[in-house]
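As stored in structure-v1.cif (mmCIF, C-alpha atoms):
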data_run
loop_
_atom_site.label_atom_id
_atom_site.label_comp_id
_atom_site.auth_asym_id
_atom_site.auth_seq_id
_atom_site.Cartn_x
_atom_site.Cartn_y
_atom_site.Cartn_z
CA MET A 1 0.00 0.00 0.00
CA THR A 2 1.35 3.41 -0.95
CA ILE A 3 1.25 6.30 1.46
CA LEU A 4 -0.03 9.62 0.17
CA TYR A 5 3.29 11.42 0.48
CA ASP A 6 5.17 8.61 -1.27
CA ILE A 7 3.27 9.30 -4.48
CA LEU A 8 4.52 12.88 -4.89
CA ARG A 9 8.30 12.92 -5.35
CA LYS A 10 9.44 16.41 -6.41
CA PRO A 11 8.53 19.30 -8.68
CA ILE A 12 10.11 19.52 -12.12
CA LEU A 13 11.64 22.96 -12.54
CA THR A 14 12.36 23.75 -16.15
CA GLU A 15 11.70 26.77 -18.32
CA LYS A 16 8.93 24.92 -20.11
CA SER A 17 7.17 23.88 -16.88
CA ASN A 18 7.41 27.41 -15.45
CA ASN A 19 5.87 28.87 -18.62
CA ALA A 20 3.07 26.29 -18.50
CA ARG A 21 2.40 27.15 -14.88
CA SER A 22 2.08 30.87 -15.51
CA SER A 23 0.13 30.68 -18.79
CA SER A 24 -2.19 27.68 -18.42
CA ARG A 25 -2.11 26.78 -14.69
CA LYS A 26 -0.27 23.47 -15.15
CA ILE A 27 2.01 22.01 -12.48
CA THR A 28 4.67 19.44 -13.40
CA LEU A 29 5.76 16.86 -10.81
CA GLU A 30 7.78 13.69 -10.62
CA VAL A 31 5.58 11.00 -9.10
CA LEU A 32 5.79 7.36 -8.03
CA LYS A 33 6.21 5.13 -11.07
CA ASP A 34 3.39 2.77 -10.03
CA ALA A 35 0.83 5.49 -9.21
CA ASN A 36 -2.17 5.93 -11.48
CA LYS A 37 -4.00 9.16 -12.34
CA LYS A 38 -6.67 8.76 -9.67
CA GLN A 39 -4.08 8.25 -6.93
CA ILE A 40 -2.07 11.28 -8.08
CA LYS A 41 -5.18 13.47 -8.17
CA TYR A 42 -6.28 12.31 -4.71
CA ALA A 43 -2.79 12.88 -3.27
CA ILE A 44 -2.63 16.47 -4.55
CA LYS A 45 -6.17 17.25 -3.42
CA SER A 46 -5.66 15.92 0.10
CA ALA A 47 -2.11 17.18 0.63
CA PHE A 48 -2.43 20.72 -0.74
CA ASN A 49 -6.21 21.32 -0.77
CA VAL A 50 -6.38 22.40 -4.43
CA ASP A 51 -8.87 21.48 -7.15
CA VAL A 52 -7.30 19.44 -9.96
CA ARG A 53 -9.15 19.37 -13.29
CA ASP A 54 -6.94 17.00 -15.27
CA VAL A 55 -3.91 14.72 -14.85
CA ASN A 56 -1.62 13.73 -17.71
CA THR A 57 1.19 11.23 -17.14
CA ALA A 58 4.24 10.05 -19.05
CA ILE A 59 6.80 7.37 -18.24
CA TYR A 60 10.41 8.22 -19.06
CA ARG A 61 12.83 5.36 -19.59
CA GLY A 62 16.27 5.64 -18.02
CA LYS A 63 19.26 6.31 -20.20
CA PHE A 64 22.22 3.99 -20.54
CA LYS A 65 25.47 5.51 -19.31
CA ARG A 66 28.98 4.34 -19.94
CA VAL A 67 32.16 5.29 -18.08
CA GLY A 68 35.14 3.44 -19.51
CA LYS A 69 34.27 -0.22 -19.71
CA ASN A 70 31.49 0.02 -17.12
CA ILE A 71 27.90 0.33 -18.33
CA GLY A 72 25.02 1.47 -16.14
CA LYS A 73 21.46 2.69 -16.49
CA SER A 74 19.65 5.57 -14.80
CA SER A 75 16.27 4.88 -13.23
CA ASN A 76 12.95 4.99 -15.02
CA TRP A 77 10.63 7.74 -13.73
CA LYS A 78 7.13 9.06 -14.21
CA LYS A 79 6.08 12.65 -14.86
CA ALA A 80 2.63 14.05 -14.10
CA VAL A 81 1.28 17.31 -15.50
CA LEU A 82 -1.61 18.57 -13.38
CA THR A 83 -4.09 21.12 -14.71
CA LEU A 84 -5.51 23.16 -11.85
CA ALA A 85 -8.94 24.77 -11.71
CA SER A 86 -9.10 28.50 -12.35
CA ASP A 87 -9.58 29.35 -8.66
CA SER A 88 -6.78 27.08 -7.34
CA ASP A 89 -3.10 27.86 -6.91
CA LEU A 90 -0.29 25.60 -5.71
CA ASP A 91 2.79 27.18 -4.12
CA ALA A 92 3.40 24.39 -1.63
CA PHE A 93 7.04 23.95 -2.54
CA GLY A 94 7.89 27.65 -2.19
CA ILE A 95 9.72 27.67 -5.50
CA TRP A 96 7.33 29.69 -7.63
CA ASN A 97 7.22 32.69 -5.33
CA GLN A 98 8.58 35.44 -7.55
CA SER A 99 9.41 37.84 -4.70
CA SER A 100 11.82 35.40 -3.03
CA VAL A 101 13.54 34.60 -6.32
CA SER A 102 14.05 38.24 -7.25
CA GLY A 103 15.21 39.03 -3.69
CA GLU A 104 17.99 36.45 -3.91
CA ASN A 105 19.23 37.92 -7.18
CA ASP A 106 19.33 41.43 -5.68
CA LYS A 107 21.52 40.29 -2.78
CA ASN A 108 24.11 38.72 -5.10
CA SER A 109 24.46 41.83 -7.28
#
Could you render the structure from this file as structure tokens?
Amino acid sequence: MTILYDILRKPILTEKSNNARSSSRKITLEVLKDANKKQIKYAIKSAFNVDVRDVNTAIYRGKFKRVGKNIGKSSNWKKAVLTLASDSDLDAFGIWNQSSVSGENDKNS
């Protein structure tokens, strides 16, 4: 049995995911590989109290790596793109807060 907080792994922070978040209210997360769409939707609803309209998932296969004569493989992982309702907002990770990001850049200058 999977626990609610085991399903949600980490947010995916790329330029594409940040643009999708600001323009069309989509959040991109790495989730448990065995979780289905209903479990992901329930985990987000209960953990962060937001209304999720749609869940899209994709499984990414790990890449083969080679260092010298040794060959290895990175892990397979699953990505979920959550579409939020128009009245919901998710800033649970504290990474999309624009004031904190701009404040850190001002201190370094």
(message) Please expand the PyMOL selection byres ((chain A and resi 54) around 10) into the concrete residues it hits in this file, giving the result as a ChimeraX atom specification.
(response) /A:26,37-38,41,51-53,55-56,81-85
Could you turn the residues from that selection into a file that holds C-alpha atoms, as a compact mmCIF listing (two decimals), keeping the file's coordinate frame?
# COMPACT_ATOMS: atom_id res chain seq x y z
CA LYS A 26 -0.27 23.47 -15.15
CA LYS A 37 -4.00 9.16 -12.34
CA LYS A 38 -6.67 8.76 -9.67
CA LYS A 41 -5.18 13.47 -8.17
CA ASP A 51 -8.87 21.48 -7.15
CA VAL A 52 -7.30 19.44 -9.96
CA ARG A 53 -9.15 19.37 -13.29
CA VAL A 55 -3.91 14.72 -14.85
CA ASN A 56 -1.62 13.73 -17.71
CA VAL A 81 1.28 17.31 -15.50
CA LEU A 82 -1.61 18.57 -13.38
CA THR A 83 -4.09 21.12 -14.71
CA LEU A 84 -5.51 23.16 -11.85
CA ALA A 85 -8.94 24.77 -11.71
(request) One decimal, Å: what's the distance from atom CA of Ile44 of chain A over to atom CA of Tyr5 of chain A, could you say? (result) 9.3 Å
(message) Using all atoms listed in the file, which protein or nucleic acid residues come within 7 Å of Phe64 of chain A? Drop anything in the same chain fewer than 2 positions from it, and give the result as number ranges by chain.
(response) A: 62, 66, 72-74
Given the selection you just returned, output its residues as a file containing C-alpha atoms, formatted as a short mmCIF file (atom, residue, chain, number, x, y, z; two decimals), keeping the file's coordinate frame.
data_model
loop_
_atom_site.label_atom_id
_atom_site.label_comp_id
_atom_site.auth_asym_id
_atom_site.auth_seq_id
_atom_site.Cartn_x
_atom_site.Cartn_y
_atom_site.Cartn_z
CA GLY A 62 16.27 5.64 -18.02
CA ARG A 66 28.98 4.34 -19.94
CA GLY A 72 25.02 1.47 -16.14
CA LYS A 73 21.46 2.69 -16.49
CA SER A 74 19.65 5.57 -14.80
#
(message) Please list as JSON, numbers by chain every residue within 12 Å of segment 16-20 of chain A, counting all atoms listed in the file and excluding residues in the same chain fewer than 2 positions away.
(response) {"A": [11, 12, 13, 14, 22, 23, 24, 25, 26, 27, 28, 29, 30, 79, 80, 81, 82, 83, 84, 95, 96, 97, 98]}
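Distance annotation: of A:Thr2, A:Gln39, A:Ser75, A:Ser86, the residue with the minimal separation from Thr57 of chain A is A:Gln39; atom set is all atoms listed in the file.
Using only C-alpha atoms for every distance, the candidate list A:Ala58, A:Asn36, A:Ala43, A:Arg21 yields A:Ala43 as the residue closest to Asp6 of chain A.
One finds atom CA of Val31 of chain A at 20.4 Å from atom CA of Ser88 of chain A.
Among A:Ile7, A:Asn49, A:Lys33, A:Ile40, the residue with the shortest atom-to-atom distance to Arg61 of chain A, counting all atoms listed in the file, is A:Lys33.
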(request) Please indicate the distance in Å from atom CA of Trp77 of chain A to atom CA of Lys65 of chain A, rounded to one decimal place. (result) 16.0 Å
